[in-house]
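Asker: Below is one structure. I have some questions about it.
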Amino acid sequence: FRRMQATRTAVHASRALSLLRPTSTMGRRHMSNGFNVDLKGKTAFVAGVADSRGYGWAISKYLAEAGCKVLVGTWPVVLGGFQKALDKGFGDDAKLTNGESMKIEQVYPLDLAFSNEQEIPPKVLQNKYYAGLSGFDIRSVAAKAHAEHGKIDFLVHSVANGPEVTKPLLQTSRQGYLAASSASAYSMISMVQEFGPYMSPGGGVISISYIAAETAIPGYGGGMSSAKAQLESDTRTLAFEAGREWGIRVNTISAGPLKSRAASAIGKGLGSEKGHIDFSIDYMKHNAPLSDMELSSDDVGAAALSLLAPQLSRAITGVTLYVDNGMHAMGLALDSEAFADSPTFKHYKDKISPKP
């Protein structure tokens, strides 16, 4: 039954993606890399943008390409570096199809570990990265964004943090486990709680998950797999509650491995020059159905646009959409030594997917 349900979910989500068909740009505004999606007059808030390498940046870029105003929330610890880089310009990473650079309307300092000001301990306020900052909790940022920019149409949660991510679950402390859950899962609930009243009916919310939510991924520890499982479960419950309360849609994208700044730090220096993310990318290349197509942040950006734009997905909510070259569908690894002599595995092991 669960497999049937998952199949139906994937089919429904793929229908939304199929609507992203290239269209002629003669006599009309060129948007979304040739896709006819017009989000002019809409406003998005994207939490978790700190550089031009991650999924948050790609999602912001696709939204901007469609004419949407983009606001971002950035962790105070990396805010200074990101603001300097933004002022300097991100070059081709920020270039839209019309030749202009993506404009981020406003950057808000945002620490998703705190839902309101009362939760912020004095030691955080004394930290050098937080010096001179105020109102960086979720409730304050939501209120400021609404006061300064009006209704929020789209909300993006592109954040994950686990202080003990390199530790196996058996070695994870209670504090480390709860910290991962707080920053990576509960923060999504808190964002919907605080931004929901300021969102337009028909608007959309998305988050970024990972296959570790439902399968064991050694090396992805510290309670992060549990946090992703919570995130996906909460997506379904929030889809119902926020749908009834404010008429907004809530979905998540289970994304394949990407060598972002944050992911590159996992497992680095633990007896190997390669980090956990490098091994994960290699594994996907060897075993995914689409083996010769390198996953990029743009793939997730396009999928996010399809789930956020009401023109494409107004009836889709509570979905986990896999954007991982089909890796989630695999039950056995083609490069496993246990199947080295299997004729079937030998047949497929050397078959490379034709490039589109």
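Letters for chains follow the order of the structure tokens (A, B, ...), residue numbers begin at 1 for each chain, and ligand numbers begin at 1 in the order shown.
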Based on DSSP run over this structure's backbone, return all residues of range 92-122 of chain A in helix (DSSP H, G or I), as a VMD selection string.
Answerer: chain A and resid 92 to 94 117 to 119 122
Asker: Store the residues of this selection in a file with C-alpha atoms, as a PDB file, in the first residue's frame.
Answerer:
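And here's out-v4.pdb as it stands now:
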```pdb
ATOM      1  CA  ASP A  92      27.512  34.416 -13.755  1.00  0.00           C
ATOM      2  CA  ASP A  93      25.983  32.672 -10.730  1.00  0.00           C
ATOM      3  CA  ALA A  94      23.506  35.557 -10.462  1.00  0.00           C
ATOM      4  CA  GLU A 117      12.950  36.882  21.137  1.00  0.00           C
ATOM      5  CA  GLN A 118      12.261  35.282  24.520  1.00  0.00           C
ATOM      6  CA  GLU A 119      14.073  32.110  23.414  1.00  0.00           C
ATOM      7  CA  PRO A 122      22.174  36.224  26.632  1.00  0.00           C
TER       8      PRO A 122
END
```
Asker: Can you measure CA of Asn36 in chain A to CA of Val205 in chain A for me? One decimal in Å is fine.
Answerer: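 According to the coordinates, CA of Asn36 in chain A and CA of Val205 in chain A are separated by 20.9 Å.
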Asker: Quick one, how far is CA of Gly223 in chain A from CA of Ile211 in chain A?
Answerer: 13.8 Å
Asker: Looking at A:Asp38, A:Glu214, A:Glu164, A:Glu241, which one is nearest to Ser226 in chain A, with distances taken over only C-alpha atoms?
Answerer: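 Of A:Asp38, A:Glu214, A:Glu164, A:Glu241, the one nearest Ser226 in chain A, counting only C-alpha atoms, is A:Glu214.
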Asker: Return as a Markdown table the residues of range 192-257 of chain A lying at most 12 Å from range 42-51 of chain A, together with the closest atom-to-atom pair for each and the distance in Å to one decimal, counting only C-alpha atoms, with rows in chain order and ascending residue number.
Answerer:
```
| residue | atom | partner | partner_atom | distance |
| --- | --- | --- | --- | --- |
| A:Val192 | CA | A:Phe45 | CA | 11.6 |
| A:Phe195 | CA | A:Phe45 | CA | 9.3 |
| A:Gly196 | CA | A:Phe45 | CA | 11.8 |
| A:Tyr198 | CA | A:Thr43 | CA | 11.2 |
| A:Met199 | CA | A:Thr43 | CA | 9.6 |
| A:Ser200 | CA | A:Lys42 | CA | 9.5 |
| A:Gly202 | CA | A:Lys42 | CA | 11.5 |
| A:Gly203 | CA | A:Lys42 | CA | 9.5 |
| A:Gly204 | CA | A:Ala44 | CA | 9.4 |
| A:Val205 | CA | A:Ala44 | CA | 9.6 |
| A:Ile206 | CA | A:Val46 | CA | 9.6 |
| A:Ser207 | CA | A:Ala47 | CA | 9.6 |
| A:Ile208 | CA | A:Gly48 | CA | 10.5 |
```
Asker: Do you have, as a Markdown table, the list of residues of range 193-262 of chain A lying at most 9 Å from range 313-317 of chain A, each with its nearest atom pair and that distance in Å to one decimal, counting only C-alpha atoms and ordered by chain then number?
Answerer:
```
| residue | atom | partner | partner_atom | distance |
| --- | --- | --- | --- | --- |
| A:Gly202 | CA | A:Arg314 | CA | 6.8 |
| A:Gly203 | CA | A:Arg314 | CA | 8.5 |
| A:Gly204 | CA | A:Thr317 | CA | 8.6 |
| A:Thr235 | CA | A:Thr317 | CA | 8.7 |
| A:Arg236 | CA | A:Thr317 | CA | 7.8 |
| A:Ala239 | CA | A:Thr317 | CA | 5.9 |
| A:Phe240 | CA | A:Thr317 | CA | 8.3 |
| A:Gly243 | CA | A:Thr317 | CA | 8.4 |
| A:Ile248 | CA | A:Thr317 | CA | 8.5 |
| A:Arg249 | CA | A:Thr317 | CA | 5.0 |
| A:Val250 | CA | A:Thr317 | CA | 5.3 |
| A:Asn251 | CA | A:Thr317 | CA | 5.6 |
```
Asker: With N, CA and C atoms kept, could you save the residues just selected as a PDB file, in the first residue's frame?
Answerer:
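Wrote again_24.pdb, looks like this:
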```
ATOM      1  N   GLY A 202      -3.532  30.392  -1.554  1.00  0.00           N
ATOM      2  CA  GLY A 202      -3.008  29.877  -2.812  1.00  0.00           C
ATOM      3  C   GLY A 202      -1.491  29.879  -2.860  1.00  0.00           C
ATOM      4  N   GLY A 203      -0.868  30.469  -1.832  1.00  0.00           N
ATOM      5  CA  GLY A 203       0.587  30.507  -1.769  1.00  0.00           C
ATOM      6  C   GLY A 203       1.166  29.133  -1.479  1.00  0.00           C
ATOM      7  N   GLY A 204       2.499  29.054  -1.509  1.00  0.00           N
ATOM      8  CA  GLY A 204       3.138  27.758  -1.329  1.00  0.00           C
ATOM      9  C   GLY A 204       4.326  27.806  -0.398  1.00  0.00           C
ATOM     10  N   THR A 235       5.502  17.843   6.941  1.00  0.00           N
ATOM     11  CA  THR A 235       5.019  18.413   5.674  1.00  0.00           C
ATOM     12  C   THR A 235       3.580  17.985   5.416  1.00  0.00           C
ATOM     13  N   ARG A 236       3.288  16.717   5.648  1.00  0.00           N
ATOM     14  CA  ARG A 236       1.937  16.210   5.403  1.00  0.00           C
ATOM     15  C   ARG A 236       0.921  16.800   6.393  1.00  0.00           C
ATOM     16  N   ALA A 239       0.466  20.454   5.645  1.00  0.00           N
ATOM     17  CA  ALA A 239      -0.329  20.628   4.422  1.00  0.00           C
ATOM     18  C   ALA A 239      -1.811  20.683   4.769  1.00  0.00           C
ATOM     19  N   PHE A 240      -2.234  19.806   5.672  1.00  0.00           N
ATOM     20  CA  PHE A 240      -3.634  19.813   6.088  1.00  0.00           C
ATOM     21  C   PHE A 240      -3.963  21.039   6.931  1.00  0.00           C
ATOM     22  N   GLY A 243      -3.376  24.368   5.125  1.00  0.00           N
ATOM     23  CA  GLY A 243      -4.336  24.456   4.025  1.00  0.00           C
ATOM     24  C   GLY A 243      -5.700  24.899   4.520  1.00  0.00           C
ATOM     25  N   ILE A 248      -2.937  27.673   2.094  1.00  0.00           N
ATOM     26  CA  ILE A 248      -1.623  27.573   1.454  1.00  0.00           C
ATOM     27  C   ILE A 248      -1.215  26.106   1.313  1.00  0.00           C
ATOM     28  N   ARG A 249      -0.317  25.852   0.359  1.00  0.00           N
ATOM     29  CA  ARG A 249       0.153  24.500   0.071  1.00  0.00           C
ATOM     30  C   ARG A 249       1.520  24.275   0.712  1.00  0.00           C
ATOM     31  N   VAL A 250       1.778  23.059   1.187  1.00  0.00           N
ATOM     32  CA  VAL A 250       3.050  22.736   1.834  1.00  0.00           C
ATOM     33  C   VAL A 250       3.604  21.450   1.227  1.00  0.00           C
ATOM     34  N   ASN A 251       4.784  21.527   0.636  1.00  0.00           N
ATOM     35  CA  ASN A 251       5.432  20.375   0.020  1.00  0.00           C
ATOM     36  C   ASN A 251       6.912  20.346   0.381  1.00  0.00           C
TER      37      ASN A 251
END
```
Asker: Using only C-alpha atoms, pick whichever of A:Ala302, A:Met330, A:Ala64, A:Ala143 has the shortest atom-to-atom distance to Thr215 in chain A.
Answerer: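 Counting only C-alpha atoms, the residue closest to Thr215 in chain A is A:Met330.
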Asker: Using only C-alpha atoms for the distances, tell me which of A:Ala213, A:Leu86, A:Ala288, A:Leu155 is nearest to Glu232 in chain A.
Answerer: A:Ala213
Asker: Calculate how many Å separate CA of Ser182 in chain A from CA of Asp234 in chain A, rounding to one decimal.
Answerer: 12.9 Å
Asker: In terms of the shortest atom-to-atom distance over only C-alpha atoms, which of A:His328, A:Lys61, A:Lys95, A:Lys40 is closest to Met284 in chain A?
Answerer: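 Closest to Met284 in chain A of all the choices is A:His328.
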Asker: Nearest to Gln171 in chain A: which of A:Leu39, A:Gly222, A:Leu133, A:Ser115 is it, counting only C-alpha atoms?
Answerer: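 Looking at the shortest contact to Gln171 in chain A, the residue is A:Gly222.
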Asker: DSSP on the backbone: what in range 9-195 of chain A comes out strand (DSSP E or B), as a list in words?
Answerer: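 In range 9-195 of chain A, DSSP puts these residues in strand (DSSP E or B): Pro22, Phe35, Thr43, Ala44, Phe45, Val46, Ala47, Lys69, Val70, Leu71, Val72, Gly73, Thr74, Lys95, Ser101, Ile104, Glu105, Gln106, Val107, Tyr108, Pro109, Ile152, Asp153, Phe154, Leu155, Val156 and His157 of chain A.
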